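Text of target31.txt, listed as compact mmCIF, C-alpha atoms (C1' of nucleotides):
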```txt
# COMPACT_ATOMS: atom_id res chain seq x y z
CA MET A 1 4.01 -0.16 37.50
CA ALA A 2 2.28 1.58 40.34
CA ASN A 3 4.09 -0.53 42.91
CA SER A 4 7.55 -0.11 44.30
CA GLN A 5 8.58 -3.70 43.84
CA PHE A 6 11.18 -2.84 41.24
CA ALA A 7 12.73 -0.25 43.55
CA MET A 8 12.70 -2.69 46.45
CA ALA A 9 14.11 -5.44 44.27
CA VAL A 10 17.05 -3.33 43.12
CA HIS A 11 17.63 -2.32 46.72
CA VAL A 12 17.56 -5.89 47.98
CA LEU A 13 19.77 -7.23 45.21
CA THR A 14 22.30 -4.49 45.84
CA MET A 15 22.34 -5.47 49.49
CA LEU A 16 22.94 -9.08 48.52
CA ALA A 17 25.66 -8.04 46.11
CA THR A 18 27.49 -6.12 48.80
CA ASN A 19 27.20 -9.08 51.17
CA CYS A 20 27.90 -11.81 48.68
CA ASP A 21 29.99 -13.86 51.08
CA GLU A 22 27.15 -14.55 53.52
CA ARG A 23 23.53 -15.65 53.59
CA VAL A 24 21.59 -12.47 54.21
CA LYS A 25 18.53 -12.62 56.49
CA SER A 26 15.17 -11.20 55.39
CA ASN A 27 15.05 -9.32 58.66
CA TYR A 28 18.27 -7.47 57.87
CA LEU A 29 17.03 -6.59 54.39
CA ALA A 30 13.71 -5.44 55.81
CA LYS A 31 15.48 -2.99 58.13
CA SER A 32 17.37 -1.39 55.27
CA VAL A 33 14.31 -1.19 53.02
CA ASN A 34 12.25 -0.08 56.01
CA THR A 35 9.48 -2.58 55.65
CA ASN A 36 8.31 -5.89 57.03
CA ALA A 37 10.37 -9.05 56.64
CA VAL A 38 7.43 -10.84 55.05
CA VAL A 39 7.28 -8.23 52.31
CA ILE A 40 10.94 -8.93 51.61
CA ARG A 41 10.44 -12.67 51.62
CA ARG A 42 7.61 -12.34 49.14
CA LEU A 43 9.87 -10.28 46.92
CA LEU A 44 12.71 -12.78 47.28
CA CYS A 45 10.30 -15.45 46.17
CA ASP A 46 9.82 -13.62 42.84
CA LEU A 47 13.55 -13.12 42.50
CA HIS A 48 14.10 -16.79 43.15
CA GLU A 49 11.61 -17.76 40.47
CA ALA A 50 13.56 -15.55 38.10
CA GLY A 51 16.73 -17.43 39.03
CA LEU A 52 18.46 -14.43 40.55
CA VAL A 53 18.76 -15.63 44.14
CA VAL A 54 18.73 -18.78 46.23
CA SER A 55 17.49 -19.01 49.78
CA ARG A 56 17.96 -21.51 52.58
CA THR A 57 15.55 -22.10 55.38
CA GLY A 58 16.39 -22.95 58.97
CA TYR A 59 19.11 -21.94 61.33
CA SER A 60 21.78 -19.89 59.49
CA GLY A 61 19.41 -19.65 56.55
CA GLY A 62 19.21 -16.61 54.30
CA THR A 63 19.58 -15.53 50.71
CA CYS A 64 22.44 -15.16 48.22
CA LEU A 65 22.78 -14.08 44.62
CA THR A 66 23.15 -16.85 42.07
CA LYS A 67 25.26 -14.80 39.68
CA ASP A 68 27.96 -12.20 39.54
CA PRO A 69 26.42 -8.70 39.82
CA LYS A 70 28.10 -7.91 36.49
CA ASN A 71 25.81 -10.47 34.92
CA ILE A 72 22.56 -9.21 36.38
CA ASP A 73 21.10 -6.27 34.53
CA LEU A 74 18.11 -4.19 35.55
CA LEU A 75 15.99 -5.73 32.82
CA ASP A 76 16.39 -9.06 34.62
CA VAL A 77 15.07 -7.36 37.74
CA TYR A 78 12.24 -5.69 35.86
CA GLU A 79 11.14 -8.97 34.35
CA ALA A 80 11.35 -10.70 37.70
CA VAL A 81 8.93 -8.36 39.41
CA SER A 82 6.90 -6.45 36.86
CA HIS A 83 3.45 -7.64 35.98
CA GLY A 84 2.11 -4.50 34.32
CA GLU A 85 3.03 -2.23 31.50
CA VAL A 86 4.04 1.38 31.18
CA PHE A 87 0.47 2.49 30.61
CA SER A 88 -2.79 0.58 30.83
CA LEU A 89 -5.18 -0.04 28.01
CA HIS A 90 -8.95 0.40 28.29
CA LYS A 91 -10.53 -1.41 31.21
CA GLN A 92 -13.86 -1.69 29.41
CA LYS A 93 -13.84 -2.81 25.79
CA PRO A 94 -14.58 0.20 23.57
CA ASP A 95 -17.70 0.29 21.40
CA GLN A 96 -17.00 -2.06 18.49
CA ASP A 97 -19.61 -0.32 16.37
CA CYS A 98 -17.56 2.88 16.39
CA PRO A 99 -14.68 2.97 13.90
CA VAL A 100 -12.39 4.54 16.46
CA GLY A 101 -13.53 2.27 19.30
CA LYS A 102 -13.04 -0.76 17.11
CA ASN A 103 -9.44 -0.01 16.19
CA ILE A 104 -8.00 2.07 18.99
CA GLU A 105 -7.04 -0.89 21.14
CA ALA A 106 -4.81 -2.39 18.46
CA VAL A 107 -3.11 0.96 17.89
CA LEU A 108 -2.50 1.48 21.60
CA CYS A 109 -1.33 -2.07 22.04
CA ASN A 110 1.35 -1.57 19.42
CA LEU A 111 2.35 1.68 21.02
CA GLN A 112 2.56 -0.06 24.37
CA LYS A 113 4.88 -2.65 22.93
CA GLU A 114 7.06 0.01 21.37
CA ILE A 115 7.33 1.93 24.64
CA ASP A 116 7.96 -1.18 26.65
CA GLU A 117 10.73 -2.13 24.27
CA ALA A 118 12.36 1.26 24.76
CA VAL A 119 12.16 0.87 28.52
CA ARG A 120 13.65 -2.59 28.35
CA THR A 121 16.49 -1.43 26.19
CA LYS A 122 17.38 1.28 28.69
CA LEU A 123 17.15 -1.09 31.64
CA SER A 124 19.32 -3.68 29.95
CA LYS A 125 22.16 -1.17 29.80
CA HIS A 126 22.60 -1.04 33.56
CA THR A 127 23.93 -3.92 35.64
CA LEU A 128 23.70 -4.51 39.34
CA SER A 129 27.41 -3.92 39.38
CA ASP A 130 26.86 -0.41 38.00
CA VAL A 131 24.34 0.28 40.72
CA MET A 132 26.83 -0.84 43.37
CA GLU A 133 29.40 1.48 41.92
CA LEU A 134 26.98 4.42 42.02
CA ILE A 135 26.06 3.62 45.60
CA ARG A 136 29.71 3.51 46.53
CA SER A 137 30.50 6.80 44.86
CA GLY A 138 27.47 8.43 46.44
CA GLU A 139 28.68 7.17 49.79
CA SER A 140 32.20 8.54 49.33
CA VAL A 141 30.86 11.95 48.34
CA SER A 142 28.66 12.20 51.38
CA ILE A 143 31.46 11.38 53.87
CA MET B 1 0.66 4.74 35.14
CA ALA B 2 -1.66 2.11 36.49
CA ASN B 3 -4.71 3.92 35.13
CA SER B 4 -6.11 3.94 31.66
CA GLN B 5 -6.40 7.71 31.37
CA PHE B 6 -3.78 7.89 28.65
CA ALA B 7 -5.59 5.26 26.60
CA MET B 8 -8.91 7.02 27.11
CA ALA B 9 -7.37 10.38 26.28
CA VAL B 10 -5.93 9.16 22.99
CA HIS B 11 -9.28 7.60 22.19
CA VAL B 12 -11.22 10.75 22.99
CA LEU B 13 -8.85 13.03 21.11
CA THR B 14 -9.01 10.78 18.09
CA MET B 15 -12.79 11.00 18.23
CA LEU B 16 -12.58 14.78 18.38
CA ALA B 17 -10.12 14.81 15.50
CA THR B 18 -12.46 12.77 13.32
CA ASN B 19 -15.35 15.08 14.18
CA CYS B 20 -13.47 18.34 14.06
CA ASP B 21 -16.31 20.26 12.41
CA GLU B 22 -18.72 19.87 15.33
CA ARG B 23 -18.86 20.16 19.10
CA VAL B 24 -18.77 16.62 20.36
CA LYS B 25 -20.92 15.68 23.38
CA SER B 26 -19.44 13.90 26.38
CA ASN B 27 -22.27 11.42 26.10
CA TYR B 28 -21.26 10.44 22.59
CA LEU B 29 -17.62 10.04 23.63
CA ALA B 30 -18.67 8.00 26.65
CA LYS B 31 -20.52 5.54 24.43
CA SER B 32 -17.48 4.96 22.25
CA VAL B 33 -15.13 4.60 25.21
CA ASN B 34 -17.75 2.52 26.99
CA THR B 35 -17.77 4.44 30.22
CA ASN B 36 -19.74 7.11 32.04
CA ALA B 37 -20.05 10.64 30.65
CA VAL B 38 -18.73 12.07 33.90
CA VAL B 39 -15.53 10.09 33.52
CA ILE B 40 -15.14 11.62 30.08
CA ARG B 41 -15.84 15.12 31.32
CA ARG B 42 -13.24 14.73 34.05
CA LEU B 43 -10.76 13.64 31.41
CA LEU B 44 -11.71 16.54 29.13
CA CYS B 45 -11.04 18.82 32.05
CA ASP B 46 -7.42 17.65 32.15
CA LEU B 47 -7.13 17.97 28.40
CA HIS B 48 -8.50 21.48 28.62
CA GLU B 49 -5.96 22.45 31.27
CA ALA B 50 -3.29 21.19 28.92
CA GLY B 51 -4.70 23.43 26.18
CA LEU B 52 -5.65 20.60 23.87
CA VAL B 53 -9.40 21.09 23.82
CA VAL B 54 -12.09 23.68 24.46
CA SER B 55 -15.56 22.96 25.70
CA ARG B 56 -18.80 24.89 25.73
CA THR B 57 -21.58 24.42 28.19
CA GLY B 58 -25.27 24.70 27.54
CA TYR B 59 -27.54 23.77 24.67
CA SER B 60 -25.45 22.65 21.67
CA GLY B 61 -22.40 22.59 23.91
CA GLY B 62 -19.57 20.09 23.51
CA THR B 63 -15.86 19.85 22.95
CA CYS B 64 -13.46 20.56 20.09
CA LEU B 65 -9.73 20.28 19.55
CA THR B 66 -7.79 23.54 19.74
CA LYS B 67 -5.11 22.46 17.28
CA ASP B 68 -4.56 20.55 14.12
CA PRO B 69 -4.09 16.83 14.92
CA LYS B 70 -0.74 17.08 13.12
CA ASN B 71 0.39 19.40 15.88
CA ILE B 72 -0.67 17.24 18.82
CA ASP B 73 1.76 14.49 19.68
CA LEU B 74 1.28 11.71 22.17
CA LEU B 75 3.72 13.31 24.57
CA ASP B 76 1.28 16.23 24.85
CA VAL B 77 -1.38 13.71 25.77
CA TYR B 78 0.89 11.91 28.22
CA GLU B 79 1.76 15.13 29.96
CA ALA B 80 -1.87 16.18 30.10
CA VAL B 81 -3.01 13.11 31.99
CA SER B 82 -0.04 11.39 33.61
CA HIS B 83 0.68 12.06 37.22
CA GLY B 84 3.02 9.15 37.93
CA GLU B 85 6.19 7.72 36.61
CA VAL B 86 7.15 4.52 34.87
CA PHE B 87 8.04 2.83 38.16
CA SER B 88 7.56 3.95 41.74
CA LEU B 89 10.29 4.64 44.22
CA HIS B 90 10.24 3.41 47.83
CA LYS B 91 7.08 4.24 49.73
CA GLN B 92 8.92 4.25 53.04
CA LYS B 93 12.23 6.05 53.28
CA PRO B 94 15.02 3.45 53.39
CA ASP B 95 17.29 3.20 56.42
CA GLN B 96 19.65 6.16 56.23
CA ASP B 97 22.18 4.41 58.45
CA CYS B 98 22.71 1.75 55.80
CA PRO B 99 25.05 2.74 52.96
CA VAL B 100 22.76 1.15 50.40
CA GLY B 101 19.60 2.54 51.97
CA LYS B 102 21.10 5.98 52.09
CA ASN B 103 22.01 6.17 48.42
CA ILE B 104 19.64 3.88 46.59
CA GLU B 105 16.92 6.48 46.22
CA ALA B 106 19.15 8.89 44.36
CA VAL B 107 20.32 6.13 42.04
CA LEU B 108 16.77 4.99 41.32
CA CYS B 109 15.59 8.53 40.88
CA ASN B 110 18.17 9.12 38.17
CA LEU B 111 17.21 5.88 36.53
CA GLN B 112 13.58 6.92 36.66
CA LYS B 113 14.40 10.15 34.89
CA GLU B 114 16.38 8.33 32.23
CA ILE B 115 13.56 5.88 31.58
CA ASP B 116 10.94 8.59 31.57
CA GLU B 117 12.99 10.52 29.05
CA ALA B 118 13.13 7.49 26.78
CA VAL B 119 9.37 7.07 27.03
CA ARG B 120 8.80 10.74 26.25
CA THR B 121 11.05 10.61 23.24
CA LYS B 122 9.11 7.68 21.83
CA LEU B 123 5.75 9.33 22.50
CA SER B 124 6.81 12.58 20.90
CA LYS B 125 7.37 10.78 17.63
CA HIS B 126 3.68 9.99 17.17
CA THR B 127 1.04 12.58 16.42
CA LEU B 128 -2.70 12.37 16.73
CA SER B 129 -2.74 12.54 12.97
CA ASP B 130 -0.69 9.34 12.82
CA VAL B 131 -3.13 7.63 15.13
CA MET B 132 -6.04 8.67 12.91
CA GLU B 133 -4.25 7.23 9.92
CA LEU B 134 -3.67 3.92 11.71
CA ILE B 135 -7.31 3.79 12.75
CA ARG B 136 -8.36 4.44 9.19
CA SER B 137 -6.10 1.76 7.76
CA GLY B 138 -7.22 -0.71 10.40
CA GLU B 139 -10.78 0.06 9.45
CA SER B 140 -10.19 -0.47 5.75
CA VAL B 141 -8.49 -3.78 6.39
CA SER B 142 -11.34 -5.07 8.49
CA ILE B 143 -14.01 -4.23 5.90
C1' DC C 1 -39.54 33.64 29.48
C1' DA C 2 -39.77 28.65 29.94
C1' DT C 3 -37.79 24.57 28.47
C1' DA C 4 -34.46 21.38 26.86
C1' DA C 5 -29.78 19.94 26.33
C1' DG C 6 -25.48 20.52 27.66
C1' DT C 7 -21.08 21.03 30.84
C1' DG C 8 -18.65 21.32 35.49
C1' DT C 9 -18.10 19.38 39.68
C1' DA C 10 -18.97 17.47 44.27
C1' DA C 11 -19.98 13.46 46.84
C1' DC C 12 -20.20 8.81 47.49
C1' DA C 13 -19.74 3.68 46.51
C1' DA C 14 -17.43 -0.29 44.61
C1' DG C 15 -13.48 -2.74 43.37
C1' DA C 16 -8.73 -3.72 42.78
C1' DA C 17 -4.02 -3.26 43.96
C1' DT C 18 -0.45 -2.57 47.38
C1' DA C 19 1.72 -2.98 51.53
C1' DG C 20 1.79 -4.16 56.34
C1' DT C 21 0.94 -7.50 60.00
C1' DT C 22 0.27 -11.77 62.61
C1' DA C 23 0.57 -16.51 62.83
C1' DC C 24 2.41 -20.84 62.14
C1' DA C 25 4.31 -24.98 59.77
C1' DA C 26 8.60 -26.62 57.92
C1' DT C 27 13.51 -26.67 58.04
C1' DA C 28 18.26 -26.79 59.57
C1' DC C 29 21.95 -25.92 62.61
C1' DT C 30 23.97 -26.39 67.50
C1' DA D 1 15.66 -30.50 72.35
C1' DG D 2 15.89 -25.83 71.31
C1' DT D 3 16.53 -21.86 68.41
C1' DA D 4 16.70 -19.18 64.23
C1' DT D 5 15.09 -18.83 59.89
C1' DT D 6 12.25 -19.20 55.54
C1' DG D 7 7.69 -19.99 53.13
C1' DT D 8 3.17 -18.92 53.02
C1' DA D 9 -1.65 -18.16 54.26
C1' DA D 10 -4.92 -15.00 56.08
C1' DC D 11 -6.46 -10.71 57.38
C1' DT D 12 -6.39 -5.53 57.59
C1' DA D 13 -5.60 -0.82 56.20
C1' DT D 14 -4.77 2.34 52.74
C1' DT D 15 -4.83 4.22 48.42
C1' DC D 16 -6.09 4.50 43.57
C1' DT D 17 -9.30 4.15 39.91
C1' DT D 18 -13.62 4.00 38.08
C1' DG D 19 -18.50 4.30 38.10
C1' DT D 20 -22.67 6.65 39.60
C1' DT D 21 -26.02 10.04 41.18
C1' DA D 22 -27.13 14.62 41.90
C1' DC D 23 -27.39 19.26 40.95
C1' DA D 24 -25.98 24.08 39.90
C1' DC D 25 -24.92 26.68 35.98
C1' DT D 26 -24.97 27.83 30.89
C1' DT D 27 -26.82 28.35 26.31
C1' DA D 28 -29.90 27.90 22.37
C1' DT D 29 -34.70 27.62 20.81
C1' DG D 30 -39.65 28.15 20.54
```

Let's see the structure in the file written out as structure tokens.
Amino acid sequence: MANSQFAMAVHVLTMLATNCDERVKSNYLAKSVNTNAVVIRRLLCDLHEAGLVVSRTGYSGGTCLTKDPKNIDLLDVYEAVSHGEVFSLHKQKPDQDCPVGKNIEAVLCNLQKEIDEAVRTKLSKHTLSDVMELIRSGESVSI
Amino acid sequence: MANSQFAMAVHVLTMLATNCDERVKSNYLAKSVNTNAVVIRRLLCDLHEAGLVVSRTGYSGGTCLTKDPKNIDLLDVYEAVSHGEVFSLHKQKPDQDCPVGKNIEAVLCNLQKEIDEAVRTKLSKHTLSDVMELIRSGESVSI
DNA sequence: CATAAGTGTAACAAGAATAGTTACAATACT
DNA sequence: AGTATTGTAACTATTCTTGTTACACTTATG
């Protein structure tokens, strides 16, 4: 993942979690993330497809979480926004006439899966609720 | 890592390991990887800085491993070529007047470290020698 | 010594990915 | 009717990655 969508997604979801009693505007989220509201709306679209949020258009529209933050883990977020893998395989197919070229892709592909699984396992251990708690404690320390 | 440098590096090092009695030409490596020799030489430059290979210029020049493949693990390779992290943090600094914006970076940074550590641990468990063995067994199966 | 075969590296082009921006239709409340 | 908001398309700017050409420098060989 070369993009910061995961970081933005966790940020946005934490904002929604701390404002769970209202429909939060994309404009408000954009200010906190320090980006454009359209960028946020695009991200919310992915999160909606993953079933994590619902939005409403029109006057007094906005976005809410669909679940309790305790029941959203960071793997859910990762899956909602990530399209890539931890490392990329070859862009050009290696020489199939070379023994190494012929077999290296399969080896790396398995490694990729193993690494990705490790990442997922780690991510699944943290919930949005945990993130909120860390934010809160960070806040109290800095006051 | 959005680039395929790690994949290319493992490929190249495996090639060197299977030709450890000679100085391998960048041109030969480029053919197997299916890219340009300059791309390979740039990669070899990184691997040299990491102490994994030595090259010689001039007539009958080329590149060799500096160590036994048993003593090169994939974490060495990862560290030699990776500049990024598993996921990116915010590109723009979040709003410091927002409690979430103010603290989210630290939270994500810690998460990043935790994930990266998990990835490193996995990578450190595989040596270049293991990769060679997998390549060999893949080869024998396909014959 | 001249030549051939290499590496090292700079410079540039092409392409893809990412994020930012503007614009506007559709929607929903007042 | 008017206003606030999302959804989404279209375009731009920037950056990253790779590919390519070019050439100076190095080393072996005849």

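Residues in contact with DA5 (chain C) at 12 Å, where only C-alpha atoms (C1' of nucleotides) are counted and same-chain residues fewer than 5 positions away are skipped, are listed as Lys25, Ser26, Asn27, Thr57, Gly58, Tyr59, Ser60, Gly61 and Gly62 of chain B; DT26, DT27, DA28 and DT29 of chain D.
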
Kindly assemble as JSON lines a list of the chain B residues that lie within 9 Å of chain A, each paired with its nearest atom pair and their distance in Å to one decimal, using all atoms listed in the file, sorted first by chain and then by ascending residue number.
```
{"residue": "B:Met1", "atom": "CA", "partner": "A:Phe87", "partner_atom": "CA", "distance": 5.1}
{"residue": "B:Ala2", "atom": "CA", "partner": "A:Ala2", "partner_atom": "CA", "distance": 5.5}
{"residue": "B:Asn3", "atom": "CA", "partner": "A:Ser88", "partner_atom": "CA", "distance": 5.8}
{"residue": "B:Ser4", "atom": "CA", "partner": "A:Ser88", "partner_atom": "CA", "distance": 4.8}
{"residue": "B:Gln5", "atom": "CA", "partner": "A:Ser88", "partner_atom": "CA", "distance": 8.0}
{"residue": "B:Phe6", "atom": "CA", "partner": "A:Phe87", "partner_atom": "CA", "distance": 7.1}
{"residue": "B:Ala7", "atom": "CA", "partner": "A:Leu89", "partner_atom": "CA", "distance": 5.5}
{"residue": "B:Met8", "atom": "CA", "partner": "A:His90", "partner_atom": "CA", "distance": 6.7}
{"residue": "B:Val10", "atom": "CA", "partner": "A:Ile104", "partner_atom": "CA", "distance": 8.4}
{"residue": "B:His11", "atom": "CA", "partner": "A:Ile104", "partner_atom": "CA", "distance": 6.5}
{"residue": "B:Thr14", "atom": "CA", "partner": "A:Val100", "partner_atom": "CA", "distance": 7.3}
{"residue": "B:Met15", "atom": "CA", "partner": "A:Val100", "partner_atom": "CA", "distance": 6.7}
{"residue": "B:Thr18", "atom": "CA", "partner": "A:Val100", "partner_atom": "CA", "distance": 8.8}
{"residue": "B:Lys31", "atom": "CA", "partner": "A:Asp95", "partner_atom": "CA", "distance": 6.7}
{"residue": "B:Ser32", "atom": "CA", "partner": "A:Asp95", "partner_atom": "CA", "distance": 4.8}
{"residue": "B:Val33", "atom": "CA", "partner": "A:Pro94", "partner_atom": "CA", "distance": 4.7}
{"residue": "B:Asn34", "atom": "CA", "partner": "A:Pro94", "partner_atom": "CA", "distance": 5.2}
{"residue": "B:Thr35", "atom": "CA", "partner": "A:Gln92", "partner_atom": "CA", "distance": 7.3}
{"residue": "B:Gly84", "atom": "CA", "partner": "A:Ala2", "partner_atom": "CA", "distance": 8.0}
{"residue": "B:Glu85", "atom": "CA", "partner": "A:Ala2", "partner_atom": "CA", "distance": 8.2}
{"residue": "B:Val86", "atom": "CA", "partner": "A:Val86", "partner_atom": "CA", "distance": 5.8}
{"residue": "B:Phe87", "atom": "CA", "partner": "A:Met1", "partner_atom": "CA", "distance": 5.1}
{"residue": "B:Ser88", "atom": "CA", "partner": "A:Ser4", "partner_atom": "CA", "distance": 4.8}
{"residue": "B:Leu89", "atom": "CA", "partner": "A:Ser4", "partner_atom": "CA", "distance": 5.5}
{"residue": "B:His90", "atom": "CA", "partner": "A:Ser4", "partner_atom": "CA", "distance": 5.7}
{"residue": "B:Lys91", "atom": "CA", "partner": "A:Ser4", "partner_atom": "CA", "distance": 7.0}
{"residue": "B:Gln92", "atom": "CA", "partner": "A:Asn34", "partner_atom": "CA", "distance": 6.2}
{"residue": "B:Lys93", "atom": "CA", "partner": "A:Asn34", "partner_atom": "CA", "distance": 6.7}
{"residue": "B:Pro94", "atom": "CA", "partner": "A:Val33", "partner_atom": "CA", "distance": 4.7}
{"residue": "B:Asp95", "atom": "CA", "partner": "A:Ser32", "partner_atom": "CA", "distance": 4.7}
{"residue": "B:Gln96", "atom": "CA", "partner": "A:Ser32", "partner_atom": "CA", "distance": 7.9}
{"residue": "B:Asp97", "atom": "CA", "partner": "A:Ser32", "partner_atom": "CA", "distance": 8.2}
{"residue": "B:Cys98", "atom": "CA", "partner": "A:Ser32", "partner_atom": "CA", "distance": 6.2}
{"residue": "B:Pro99", "atom": "CA", "partner": "A:Glu139", "partner_atom": "CA", "distance": 6.5}
{"residue": "B:Val100", "atom": "CA", "partner": "A:Ile135", "partner_atom": "CA", "distance": 6.3}
{"residue": "B:Gly101", "atom": "CA", "partner": "A:Ser32", "partner_atom": "CA", "distance": 5.6}
{"residue": "B:Lys102", "atom": "CA", "partner": "A:Glu139", "partner_atom": "CA", "distance": 8.0}
{"residue": "B:Asn103", "atom": "CA", "partner": "A:Ile135", "partner_atom": "CA", "distance": 5.6}
{"residue": "B:Ile104", "atom": "CA", "partner": "A:Ile135", "partner_atom": "CA", "distance": 6.5}
{"residue": "B:Glu105", "atom": "CA", "partner": "A:Ala7", "partner_atom": "CA", "distance": 8.4}
{"residue": "B:Ala106", "atom": "CA", "partner": "A:Gly138", "partner_atom": "CA", "distance": 8.6}
{"residue": "B:Val107", "atom": "CA", "partner": "A:Leu134", "partner_atom": "CA", "distance": 6.9}
{"residue": "B:Leu108", "atom": "CA", "partner": "A:Ala7", "partner_atom": "CA", "distance": 7.0}
{"residue": "B:Leu111", "atom": "CA", "partner": "A:Leu123", "partner_atom": "CA", "distance": 8.5}
{"residue": "B:Glu114", "atom": "CA", "partner": "A:Lys122", "partner_atom": "CA", "distance": 8.0}
{"residue": "B:Ile115", "atom": "CA", "partner": "A:Val119", "partner_atom": "CA", "distance": 6.0}
{"residue": "B:Asp116", "atom": "CA", "partner": "A:Val119", "partner_atom": "CA", "distance": 8.4}
{"residue": "B:Ala118", "atom": "CA", "partner": "A:Ala118", "partner_atom": "CA", "distance": 6.6}
{"residue": "B:Val119", "atom": "CA", "partner": "A:Ile115", "partner_atom": "CA", "distance": 6.0}
{"residue": "B:Lys122", "atom": "CA", "partner": "A:Ile115", "partner_atom": "CA", "distance": 6.6}
{"residue": "B:Leu123", "atom": "CA", "partner": "A:Ile115", "partner_atom": "CA", "distance": 7.9}
{"residue": "B:Val131", "atom": "CA", "partner": "A:Val107", "partner_atom": "CA", "distance": 7.2}
{"residue": "B:Met132", "atom": "CA", "partner": "A:Val100", "partner_atom": "CA", "distance": 8.4}
{"residue": "B:Leu134", "atom": "CA", "partner": "A:Val107", "partner_atom": "CA", "distance": 6.9}
{"residue": "B:Ile135", "atom": "CA", "partner": "A:Asn103", "partner_atom": "CA", "distance": 5.6}
{"residue": "B:Arg136", "atom": "CA", "partner": "A:Pro99", "partner_atom": "CA", "distance": 8.0}
{"residue": "B:Gly138", "atom": "CA", "partner": "A:Asn103", "partner_atom": "CA", "distance": 6.2}
{"residue": "B:Glu139", "atom": "CA", "partner": "A:Pro99", "partner_atom": "CA", "distance": 6.6}
```

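Closest approach to chain C among A:Asn19, A:Ser55, A:Asn71, A:Asn36: A:Asn36, based on only C-alpha atoms (C1' of nucleotides).
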
Counting all atoms listed in the file, find residues at most 10 Å from (-8.9, -2.4, 50.0) (file frame) and give them as a ChimeraX atom specification. /C:15-18 /D:12-16

C-alpha atoms (C1' of nucleotides) of the current selection, written as a compact mmCIF listing (two decimals), keeping the file's coordinate frame:
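Now in again.txt:
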```txt
# COMPACT_ATOMS: atom_id res chain seq x y z
C1' DG C 15 -13.48 -2.74 43.37
C1' DA C 16 -8.73 -3.72 42.78
C1' DA C 17 -4.02 -3.26 43.96
C1' DT C 18 -0.45 -2.57 47.38
C1' DT D 12 -6.39 -5.53 57.59
C1' DA D 13 -5.60 -0.82 56.20
C1' DT D 14 -4.77 2.34 52.74
C1' DT D 15 -4.83 4.22 48.42
C1' DC D 16 -6.09 4.50 43.57
```

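For the pair CA of Glu79 (chain A) and CA of Glu49 (chain A), the separation is 10.7 Å.
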
Quick one: which residues from chain D are at most 6 Å off chain A, using all atoms listed in the file, as a PyMOL selection string? chain D and resi 4-6

d(C1' of DC23 (chain D), CA of Ile40 (chain B)) in Å: 18.1 Å

Contacts from chain C to chain A, 10 Å maximum, only C-alpha atoms (C1' of nucleotides): show me the residue list as a compact mmCIF listing (two decimals) with C-alpha atoms (C1' of nucleotides), in the frame of the given file.
```
# COMPACT_ATOMS: atom_id res chain seq x y z
C1' DA C 17 -4.02 -3.26 43.96
C1' DT C 18 -0.45 -2.57 47.38
C1' DA C 19 1.72 -2.98 51.53
C1' DG C 20 1.79 -4.16 56.34
C1' DT C 21 0.94 -7.50 60.00
C1' DA C 26 8.60 -26.62 57.92
C1' DT C 27 13.51 -26.67 58.04
C1' DA C 28 18.26 -26.79 59.57
C1' DC C 29 21.95 -25.92 62.61
C1' DT C 30 23.97 -26.39 67.50
```

Go through B:Val24, B:Leu47, B:Val53, B:Ala17 one by one, measure the shortest atom-to-atom distance of each to Val77 (chain B) using only C-alpha atoms, and give the residue with the smallest value. B:Leu47

Excluding region 22-25 of chain C and its own-chain neighbours fewer than 2 positions away, which residues fall within 10 Å of it when counting only C-alpha atoms (C1' of nucleotides)? Please give them as a PDB file with C-alpha atoms (C1' of nucleotides), keeping the file's coordinate frame.
```pdb
ATOM      1  C1'  DG C  20       1.790  -4.160  56.340  1.00  0.00           C
ATOM      2  C1'  DT C  27      13.510 -26.670  58.040  1.00  0.00           C
TER       3       DT C  27
ATOM      4  C1'  DG D   7       7.690 -19.990  53.130  1.00  0.00           C
ATOM      5  C1'  DT D   8       3.170 -18.920  53.020  1.00  0.00           C
ATOM      6  C1'  DA D   9      -1.650 -18.160  54.260  1.00  0.00           C
ATOM      7  C1'  DA D  10      -4.920 -15.000  56.080  1.00  0.00           C
ATOM      8  C1'  DC D  11      -6.460 -10.710  57.380  1.00  0.00           C
TER       9       DC D  11
END
```

Length of the CA of Glu22 (chain A) to CA of Leu75 (chain A) vector [Å]: 25.1 Å

The centre and edge lengths of an axis-aligned box containing all atoms of region 42-48 of chain A present in the file, extended by 6 Å on each side, are to be given in Å to one decimal, as lines of an AutoDock Vina configuration file.
```
center_x = 10.9
center_y = -13.5
center_z = 45.8
size_x = 18.5
size_y = 18.5
size_z = 18.6
```

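Contact shell of Leu128 (chain A) at 6 Å (only C-alpha atoms (C1' of nucleotides); same-chain neighbours under 3 positions omitted): Pro69, Ile72, Asp73 and Val131 of chain A.
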
Grab the residues selected above and save them as a PDB file, keeping the file's coordinate frame with C-alpha atoms.
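Generated file (out_29.pdb):
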```
ATOM      1  CA  PRO A  69      26.420  -8.700  39.820  1.00  0.00           C
ATOM      2  CA  ILE A  72      22.560  -9.210  36.380  1.00  0.00           C
ATOM      3  CA  ASP A  73      21.100  -6.270  34.530  1.00  0.00           C
ATOM      4  CA  VAL A 131      24.340   0.280  40.720  1.00  0.00           C
TER       5      VAL A 131
END
```
